[in-house]
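What follows is input-v7.txt (compact mmCIF, N, CA and C atoms).
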```
# COMPACT_ATOMS: atom_id res chain seq x y z
N MET A 1 1.75 25.78 53.20
CA MET A 1 2.02 26.11 51.82
C MET A 1 2.97 27.31 51.76
N GLU A 2 4.01 27.17 50.96
CA GLU A 2 4.96 28.27 50.78
C GLU A 2 4.32 29.42 50.02
N THR A 3 4.90 30.58 50.18
CA THR A 3 4.43 31.71 49.40
C THR A 3 5.30 31.84 48.15
N ILE A 4 4.72 32.41 47.13
CA ILE A 4 5.43 32.57 45.87
C ILE A 4 6.28 33.83 45.93
N ASN A 5 7.51 33.71 45.49
CA ASN A 5 8.43 34.84 45.43
C ASN A 5 8.09 35.64 44.17
N LEU A 6 7.36 36.73 44.35
CA LEU A 6 6.89 37.51 43.20
C LEU A 6 8.02 38.19 42.44
N LEU A 7 9.10 38.51 43.12
CA LEU A 7 10.26 39.08 42.43
C LEU A 7 10.88 38.04 41.49
N ALA A 8 10.96 36.79 41.94
CA ALA A 8 11.47 35.72 41.09
C ALA A 8 10.54 35.48 39.91
N VAL A 9 9.23 35.56 40.14
CA VAL A 9 8.25 35.40 39.06
C VAL A 9 8.46 36.49 38.01
N LEU A 10 8.64 37.72 38.47
CA LEU A 10 8.86 38.85 37.56
C LEU A 10 10.17 38.68 36.78
N LEU A 11 11.24 38.33 37.47
CA LEU A 11 12.54 38.14 36.83
C LEU A 11 12.48 37.00 35.81
N ALA A 12 11.81 35.91 36.16
CA ALA A 12 11.69 34.76 35.25
C ALA A 12 10.91 35.14 33.99
N ALA A 13 9.87 35.95 34.16
CA ALA A 13 9.08 36.40 33.01
C ALA A 13 9.90 37.31 32.10
N VAL A 14 10.65 38.22 32.69
CA VAL A 14 11.52 39.10 31.91
C VAL A 14 12.56 38.27 31.17
N ALA A 15 13.13 37.29 31.84
CA ALA A 15 14.14 36.42 31.21
C ALA A 15 13.54 35.67 30.02
N TYR A 16 12.32 35.18 30.16
CA TYR A 16 11.67 34.44 29.08
C TYR A 16 11.48 35.32 27.85
N VAL A 17 11.02 36.54 28.05
CA VAL A 17 10.82 37.46 26.93
C VAL A 17 12.16 37.83 26.30
N ALA A 18 13.17 38.06 27.13
CA ALA A 18 14.50 38.41 26.62
C ALA A 18 15.09 37.27 25.78
N ILE A 19 14.91 36.04 26.25
CA ILE A 19 15.39 34.88 25.49
C ILE A 19 14.69 34.81 24.14
N GLY A 20 13.39 35.06 24.13
CA GLY A 20 12.65 35.06 22.87
C GLY A 20 13.13 36.14 21.93
N ALA A 21 13.43 37.32 22.45
CA ALA A 21 13.92 38.43 21.62
C ALA A 21 15.25 38.08 20.97
N VAL A 22 16.13 37.45 21.73
CA VAL A 22 17.42 37.04 21.17
C VAL A 22 17.25 35.87 20.20
N TRP A 23 16.45 34.88 20.58
CA TRP A 23 16.24 33.66 19.80
C TRP A 23 15.74 33.99 18.38
N TYR A 24 14.82 34.97 18.30
CA TYR A 24 14.21 35.30 17.01
C TYR A 24 14.87 36.48 16.31
N CYS A 25 16.04 36.92 16.77
CA CYS A 25 16.75 37.98 16.04
C CYS A 25 17.44 37.36 14.82
N ASP A 26 17.80 38.20 13.88
CA ASP A 26 18.38 37.71 12.62
C ASP A 26 19.66 36.90 12.82
N GLY A 27 20.44 37.22 13.81
CA GLY A 27 21.70 36.52 14.05
C GLY A 27 21.54 35.12 14.61
N VAL A 28 20.35 34.79 15.07
CA VAL A 28 20.13 33.45 15.63
C VAL A 28 19.17 32.69 14.70
N PHE A 29 17.87 32.74 14.95
CA PHE A 29 16.91 32.00 14.12
C PHE A 29 15.91 32.89 13.38
N GLY A 30 16.04 34.21 13.50
CA GLY A 30 15.06 35.12 12.95
C GLY A 30 14.81 34.99 11.46
N LYS A 31 15.87 34.95 10.67
CA LYS A 31 15.71 34.86 9.21
C LYS A 31 15.03 33.56 8.81
N VAL A 32 15.47 32.46 9.37
CA VAL A 32 14.89 31.15 9.05
C VAL A 32 13.45 31.09 9.53
N TRP A 33 13.20 31.59 10.74
CA TRP A 33 11.85 31.59 11.32
C TRP A 33 10.88 32.37 10.44
N ARG A 34 11.30 33.57 10.00
CA ARG A 34 10.42 34.37 9.14
C ARG A 34 10.13 33.64 7.83
N LYS A 35 11.14 33.03 7.25
CA LYS A 35 10.95 32.30 5.99
C LYS A 35 9.98 31.13 6.19
N LEU A 36 10.20 30.34 7.21
CA LEU A 36 9.35 29.18 7.47
C LEU A 36 7.93 29.58 7.89
N SER A 37 7.81 30.77 8.50
CA SER A 37 6.49 31.26 8.92
C SER A 37 5.75 31.97 7.80
N GLY A 38 6.44 32.21 6.70
CA GLY A 38 5.81 32.90 5.58
C GLY A 38 5.65 34.39 5.81
N ILE A 39 6.51 34.95 6.65
CA ILE A 39 6.44 36.38 6.94
C ILE A 39 7.20 37.14 5.86
N THR A 40 6.48 37.97 5.13
CA THR A 40 7.07 38.78 4.06
C THR A 40 7.42 40.17 4.60
N LYS A 41 8.07 40.97 3.77
CA LYS A 41 8.39 42.35 4.17
C LYS A 41 7.12 43.12 4.50
N LYS A 42 6.06 42.88 3.70
CA LYS A 42 4.78 43.57 3.93
C LYS A 42 4.20 43.16 5.28
N THR A 43 4.22 41.87 5.57
CA THR A 43 3.72 41.36 6.85
C THR A 43 4.57 41.90 7.99
N GLU A 44 5.88 41.92 7.77
CA GLU A 44 6.81 42.40 8.80
C GLU A 44 6.53 43.86 9.15
N ASN A 45 6.25 44.67 8.14
CA ASN A 45 5.94 46.08 8.38
C ASN A 45 4.65 46.23 9.18
N LYS A 46 3.65 45.38 8.91
CA LYS A 46 2.40 45.40 9.68
C LYS A 46 2.67 45.04 11.14
N ILE A 47 3.50 44.02 11.32
CA ILE A 47 3.83 43.55 12.67
C ILE A 47 4.54 44.65 13.46
N LYS A 48 5.44 45.36 12.81
CA LYS A 48 6.20 46.43 13.49
C LYS A 48 5.29 47.52 14.03
N LYS A 49 4.15 47.74 13.39
CA LYS A 49 3.22 48.78 13.84
C LYS A 49 2.58 48.43 15.18
N THR A 50 2.48 47.15 15.48
CA THR A 50 1.84 46.71 16.72
C THR A 50 2.86 46.08 17.68
N MET A 51 4.14 46.36 17.46
CA MET A 51 5.21 45.73 18.24
C MET A 51 5.08 46.00 19.74
N ALA A 52 4.75 47.22 20.13
CA ALA A 52 4.66 47.54 21.56
C ALA A 52 3.57 46.72 22.24
N SER A 53 2.40 46.65 21.63
CA SER A 53 1.32 45.87 22.25
C SER A 53 1.63 44.38 22.20
N SER A 54 2.31 43.94 21.16
CA SER A 54 2.69 42.52 21.07
C SER A 54 3.67 42.16 22.18
N TYR A 55 4.67 43.02 22.41
CA TYR A 55 5.62 42.75 23.49
C TYR A 55 4.93 42.79 24.85
N PHE A 56 3.99 43.70 25.04
CA PHE A 56 3.26 43.76 26.29
C PHE A 56 2.49 42.47 26.52
N LEU A 57 1.78 42.00 25.50
CA LEU A 57 1.02 40.75 25.64
C LEU A 57 1.94 39.55 25.82
N ALA A 58 3.09 39.56 25.14
CA ALA A 58 4.06 38.47 25.33
C ALA A 58 4.58 38.47 26.76
N PHE A 59 4.84 39.66 27.30
CA PHE A 59 5.29 39.74 28.68
C PHE A 59 4.21 39.28 29.65
N LEU A 60 2.98 39.71 29.41
CA LEU A 60 1.87 39.29 30.26
C LEU A 60 1.71 37.77 30.22
N SER A 61 1.81 37.20 29.05
CA SER A 61 1.74 35.74 28.89
C SER A 61 2.86 35.06 29.67
N SER A 62 4.07 35.60 29.56
CA SER A 62 5.22 35.04 30.28
C SER A 62 5.05 35.18 31.78
N LEU A 63 4.46 36.27 32.21
CA LEU A 63 4.22 36.49 33.63
C LEU A 63 3.23 35.45 34.17
N ILE A 64 2.19 35.17 33.41
CA ILE A 64 1.23 34.14 33.82
C ILE A 64 1.91 32.78 33.87
N MET A 65 2.69 32.47 32.82
CA MET A 65 3.39 31.19 32.79
C MET A 65 4.35 31.06 33.97
N SER A 66 5.06 32.13 34.28
CA SER A 66 6.00 32.12 35.38
C SER A 66 5.30 31.89 36.72
N TYR A 67 4.17 32.54 36.90
CA TYR A 67 3.41 32.38 38.15
C TYR A 67 2.88 30.95 38.30
N ILE A 68 2.37 30.40 37.22
CA ILE A 68 1.87 29.02 37.27
C ILE A 68 3.01 28.04 37.50
N LEU A 69 4.14 28.28 36.83
CA LEU A 69 5.30 27.41 37.04
C LEU A 69 5.80 27.51 38.48
N ALA A 70 5.76 28.70 39.06
CA ALA A 70 6.15 28.87 40.47
C ALA A 70 5.23 28.05 41.37
N ASN A 71 3.94 28.05 41.08
CA ASN A 71 3.00 27.22 41.85
C ASN A 71 3.34 25.74 41.71
N ALA A 72 3.65 25.31 40.49
CA ALA A 72 4.02 23.91 40.26
C ALA A 72 5.28 23.55 41.04
N MET A 73 6.23 24.47 41.10
CA MET A 73 7.47 24.23 41.85
C MET A 73 7.16 23.99 43.32
N ILE A 74 6.27 24.79 43.86
CA ILE A 74 5.90 24.63 45.27
C ILE A 74 5.19 23.29 45.47
N LEU A 75 4.21 23.00 44.63
CA LEU A 75 3.46 21.75 44.76
C LEU A 75 4.34 20.52 44.64
N LEU A 76 5.37 20.62 43.80
CA LEU A 76 6.26 19.47 43.57
C LEU A 76 7.49 19.49 44.47
N GLY A 77 7.61 20.51 45.29
CA GLY A 77 8.73 20.58 46.24
C GLY A 77 10.07 20.88 45.59
N ALA A 78 10.07 21.57 44.46
CA ALA A 78 11.32 21.91 43.77
C ALA A 78 12.02 23.04 44.52
N GLU A 79 13.22 22.74 45.04
CA GLU A 79 13.93 23.72 45.84
C GLU A 79 15.34 24.01 45.35
N THR A 80 15.82 23.23 44.40
CA THR A 80 17.18 23.42 43.89
C THR A 80 17.14 23.75 42.41
N LEU A 81 18.26 24.20 41.90
CA LEU A 81 18.36 24.50 40.48
C LEU A 81 18.00 23.27 39.64
N LEU A 82 18.54 22.13 40.01
CA LEU A 82 18.25 20.90 39.27
C LEU A 82 16.77 20.53 39.33
N ASP A 83 16.15 20.72 40.49
CA ASP A 83 14.71 20.49 40.62
C ASP A 83 13.93 21.40 39.67
N GLY A 84 14.31 22.68 39.65
CA GLY A 84 13.63 23.65 38.80
C GLY A 84 13.76 23.31 37.33
N LEU A 85 14.96 22.90 36.92
CA LEU A 85 15.18 22.50 35.53
C LEU A 85 14.34 21.27 35.19
N SER A 86 14.29 20.34 36.11
CA SER A 86 13.54 19.11 35.88
C SER A 86 12.04 19.37 35.74
N VAL A 87 11.49 20.14 36.65
CA VAL A 87 10.05 20.46 36.59
C VAL A 87 9.74 21.21 35.30
N ALA A 88 10.56 22.20 34.97
CA ALA A 88 10.33 22.97 33.74
C ALA A 88 10.40 22.07 32.50
N PHE A 89 11.38 21.17 32.47
CA PHE A 89 11.51 20.27 31.32
C PHE A 89 10.28 19.39 31.16
N TRP A 90 9.83 18.77 32.25
CA TRP A 90 8.70 17.85 32.15
C TRP A 90 7.40 18.58 31.80
N ILE A 91 7.24 19.78 32.31
CA ILE A 91 6.05 20.56 31.94
C ILE A 91 6.13 20.96 30.47
N TRP A 92 7.32 21.36 30.02
CA TRP A 92 7.50 21.68 28.60
C TRP A 92 7.18 20.47 27.74
N LEU A 93 7.76 19.33 28.09
CA LEU A 93 7.56 18.12 27.29
C LEU A 93 6.09 17.68 27.29
N GLY A 94 5.47 17.71 28.45
CA GLY A 94 4.10 17.21 28.57
C GLY A 94 3.03 18.13 28.01
N PHE A 95 3.29 19.43 27.99
CA PHE A 95 2.26 20.36 27.55
C PHE A 95 2.68 21.20 26.34
N VAL A 96 3.79 21.88 26.43
CA VAL A 96 4.19 22.81 25.37
C VAL A 96 4.60 22.08 24.10
N ALA A 97 5.55 21.17 24.21
CA ALA A 97 6.05 20.46 23.02
C ALA A 97 4.94 19.66 22.35
N THR A 98 4.09 19.05 23.14
CA THR A 98 3.02 18.24 22.56
C THR A 98 1.96 19.12 21.89
N LEU A 99 1.61 20.23 22.50
CA LEU A 99 0.63 21.13 21.89
C LEU A 99 1.17 21.78 20.62
N MET A 100 2.42 22.18 20.64
CA MET A 100 3.03 22.81 19.47
C MET A 100 3.14 21.84 18.29
N LEU A 101 3.23 20.57 18.57
CA LEU A 101 3.34 19.57 17.50
C LEU A 101 2.11 19.57 16.60
N GLY A 102 0.99 20.03 17.12
CA GLY A 102 -0.22 20.12 16.31
C GLY A 102 -0.03 20.96 15.07
N GLY A 103 0.83 21.96 15.14
CA GLY A 103 1.11 22.79 13.98
C GLY A 103 1.70 22.00 12.83
N VAL A 104 2.52 21.03 13.15
CA VAL A 104 3.12 20.16 12.12
C VAL A 104 2.10 19.13 11.66
N LEU A 105 1.42 18.51 12.61
CA LEU A 105 0.50 17.41 12.27
C LEU A 105 -0.75 17.86 11.54
N TRP A 106 -1.32 19.00 11.93
CA TRP A 106 -2.63 19.39 11.41
C TRP A 106 -2.63 20.66 10.56
N GLU A 107 -1.61 21.49 10.71
CA GLU A 107 -1.58 22.76 9.97
C GLU A 107 -0.56 22.76 8.85
N GLY A 108 0.18 21.67 8.71
CA GLY A 108 1.16 21.55 7.64
C GLY A 108 2.38 22.42 7.82
N LYS A 109 2.66 22.83 9.05
CA LYS A 109 3.83 23.66 9.29
C LYS A 109 5.09 22.81 9.26
N SER A 110 6.19 23.45 8.97
CA SER A 110 7.47 22.78 8.84
C SER A 110 7.96 22.20 10.18
N PRO A 111 8.51 20.98 10.15
CA PRO A 111 9.14 20.45 11.36
C PRO A 111 10.27 21.35 11.87
N LYS A 112 10.97 22.03 10.94
CA LYS A 112 12.03 22.96 11.35
C LYS A 112 11.45 24.12 12.16
N LEU A 113 10.30 24.61 11.72
CA LEU A 113 9.64 25.69 12.45
C LEU A 113 9.24 25.21 13.84
N TYR A 114 8.75 24.00 13.92
CA TYR A 114 8.41 23.39 15.21
C TYR A 114 9.64 23.35 16.12
N LEU A 115 10.77 22.93 15.57
CA LEU A 115 11.99 22.83 16.38
C LEU A 115 12.46 24.20 16.85
N ILE A 116 12.35 25.21 15.98
CA ILE A 116 12.75 26.56 16.38
C ILE A 116 11.85 27.07 17.50
N ASN A 117 10.54 26.97 17.31
CA ASN A 117 9.59 27.50 18.30
C ASN A 117 9.62 26.71 19.60
N SER A 118 9.63 25.39 19.51
CA SER A 118 9.62 24.60 20.74
C SER A 118 10.98 24.67 21.44
N GLY A 119 12.05 24.86 20.67
CA GLY A 119 13.38 25.03 21.27
C GLY A 119 13.46 26.30 22.09
N GLN A 120 12.87 27.36 21.57
CA GLN A 120 12.83 28.62 22.33
C GLN A 120 12.02 28.45 23.60
N ALA A 121 10.89 27.78 23.48
CA ALA A 121 10.05 27.55 24.66
C ALA A 121 10.79 26.70 25.69
N LEU A 122 11.51 25.69 25.23
CA LEU A 122 12.27 24.83 26.15
C LEU A 122 13.34 25.64 26.88
N LEU A 123 14.17 26.36 26.13
CA LEU A 123 15.22 27.14 26.77
C LEU A 123 14.63 28.17 27.73
N GLY A 124 13.59 28.86 27.28
CA GLY A 124 12.95 29.85 28.14
C GLY A 124 12.39 29.25 29.41
N MET A 125 11.75 28.11 29.29
CA MET A 125 11.16 27.46 30.48
C MET A 125 12.25 26.93 31.41
N LEU A 126 13.34 26.42 30.85
CA LEU A 126 14.44 25.94 31.70
C LEU A 126 15.03 27.10 32.50
N ILE A 127 15.26 28.22 31.85
CA ILE A 127 15.78 29.39 32.56
C ILE A 127 14.77 29.85 33.62
N MET A 128 13.51 29.88 33.22
CA MET A 128 12.45 30.27 34.14
C MET A 128 12.42 29.33 35.35
N GLY A 129 12.46 28.03 35.10
CA GLY A 129 12.44 27.04 36.18
C GLY A 129 13.65 27.16 37.09
N GLY A 130 14.80 27.43 36.50
CA GLY A 130 16.02 27.61 37.30
C GLY A 130 15.92 28.82 38.22
N ILE A 131 15.43 29.91 37.69
CA ILE A 131 15.26 31.13 38.49
C ILE A 131 14.28 30.89 39.62
N LEU A 132 13.13 30.33 39.29
CA LEU A 132 12.07 30.15 40.29
C LEU A 132 12.48 29.20 41.42
N ALA A 133 13.16 28.12 41.08
CA ALA A 133 13.53 27.14 42.11
C ALA A 133 14.71 27.63 42.94
N SER A 134 15.59 28.42 42.33
CA SER A 134 16.79 28.88 43.05
C SER A 134 16.52 30.02 44.00
N TRP A 135 15.48 30.79 43.77
CA TRP A 135 15.19 31.96 44.60
C TRP A 135 14.34 31.55 45.74
```
What would the structure in this file look like if it were written as structure tokens?
Amino acid sequence: METINLLAVLLAAVAYVAIGAVWYCDGVFGKVWRKLSGITKKTENKIKKTMASSYFLAFLSSLIMSYILANAMILLGAETLLDGLSVAFWIWLGFVATLMLGGVLWEGKSPKLYLINSGQALLGMLIMGGILASW
């Protein structure tokens, strides 16, 4: 069994959080995301007060995801960039995209919100998979 490259896991987790920060900024999808999520100025101000702990937990979550994805890469023998992209895509499709769809089906959330959130997860996981398989 191969060992996991912890530096690649760390870099992939940082990349995932960075992609999310850019994805949800006002210049990309931030304004639309806030509107579709029902986030008001009052809610936004509350969120800003806990931003540091939220980013820490988001990073921790990304670190766990990166480590698990690295294990999947080893188990599936992903050794090239294309392998990493493929594994990340299929895991996203099989688990992330399907689980997130529940928000539309059962919680009445907008399909546009689903596309924004799942699109960020897809791009983040593809980058993560590429990093992990290439290193």
Separation of atom CA of A:Gly77 from atom C of A:Ile64, in Å and rounded to one decimal:
18.7 Å
Please identify which residues in stretch 87-125 of chain A DSSP calls alpha helix (DSSP H) from the backbone, and express them as a PyMOL selection string.
chain A and resi 87-91+98-100+102-107+111-125
Straight-line distance linking atom CA of A:Ala13 with atom CA of A:Ser66, stated in Å to one decimal:
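So the answer is 5.8 Å.
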Using all atoms listed in the file, find the one residue out of A:Met125, A:Ala72, A:Ser61, A:Leu115 that sits nearest to A:Phe89.
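Among the listed residues, the smallest separation from A:Phe89 belongs to A:Met125.
Comparing A:Ala15, A:Ala88, A:Leu60, A:Thr40 by their smallest distance to A:Gly129, the closest is A:Ala88 (using all atoms listed in the file).
For the residues A:Phe29, A:Tyr55, A:Tyr67, A:Trp23, ranking by smallest atom-to-atom distance to A:Leu10 using all atoms listed in the file places A:Tyr67 first.
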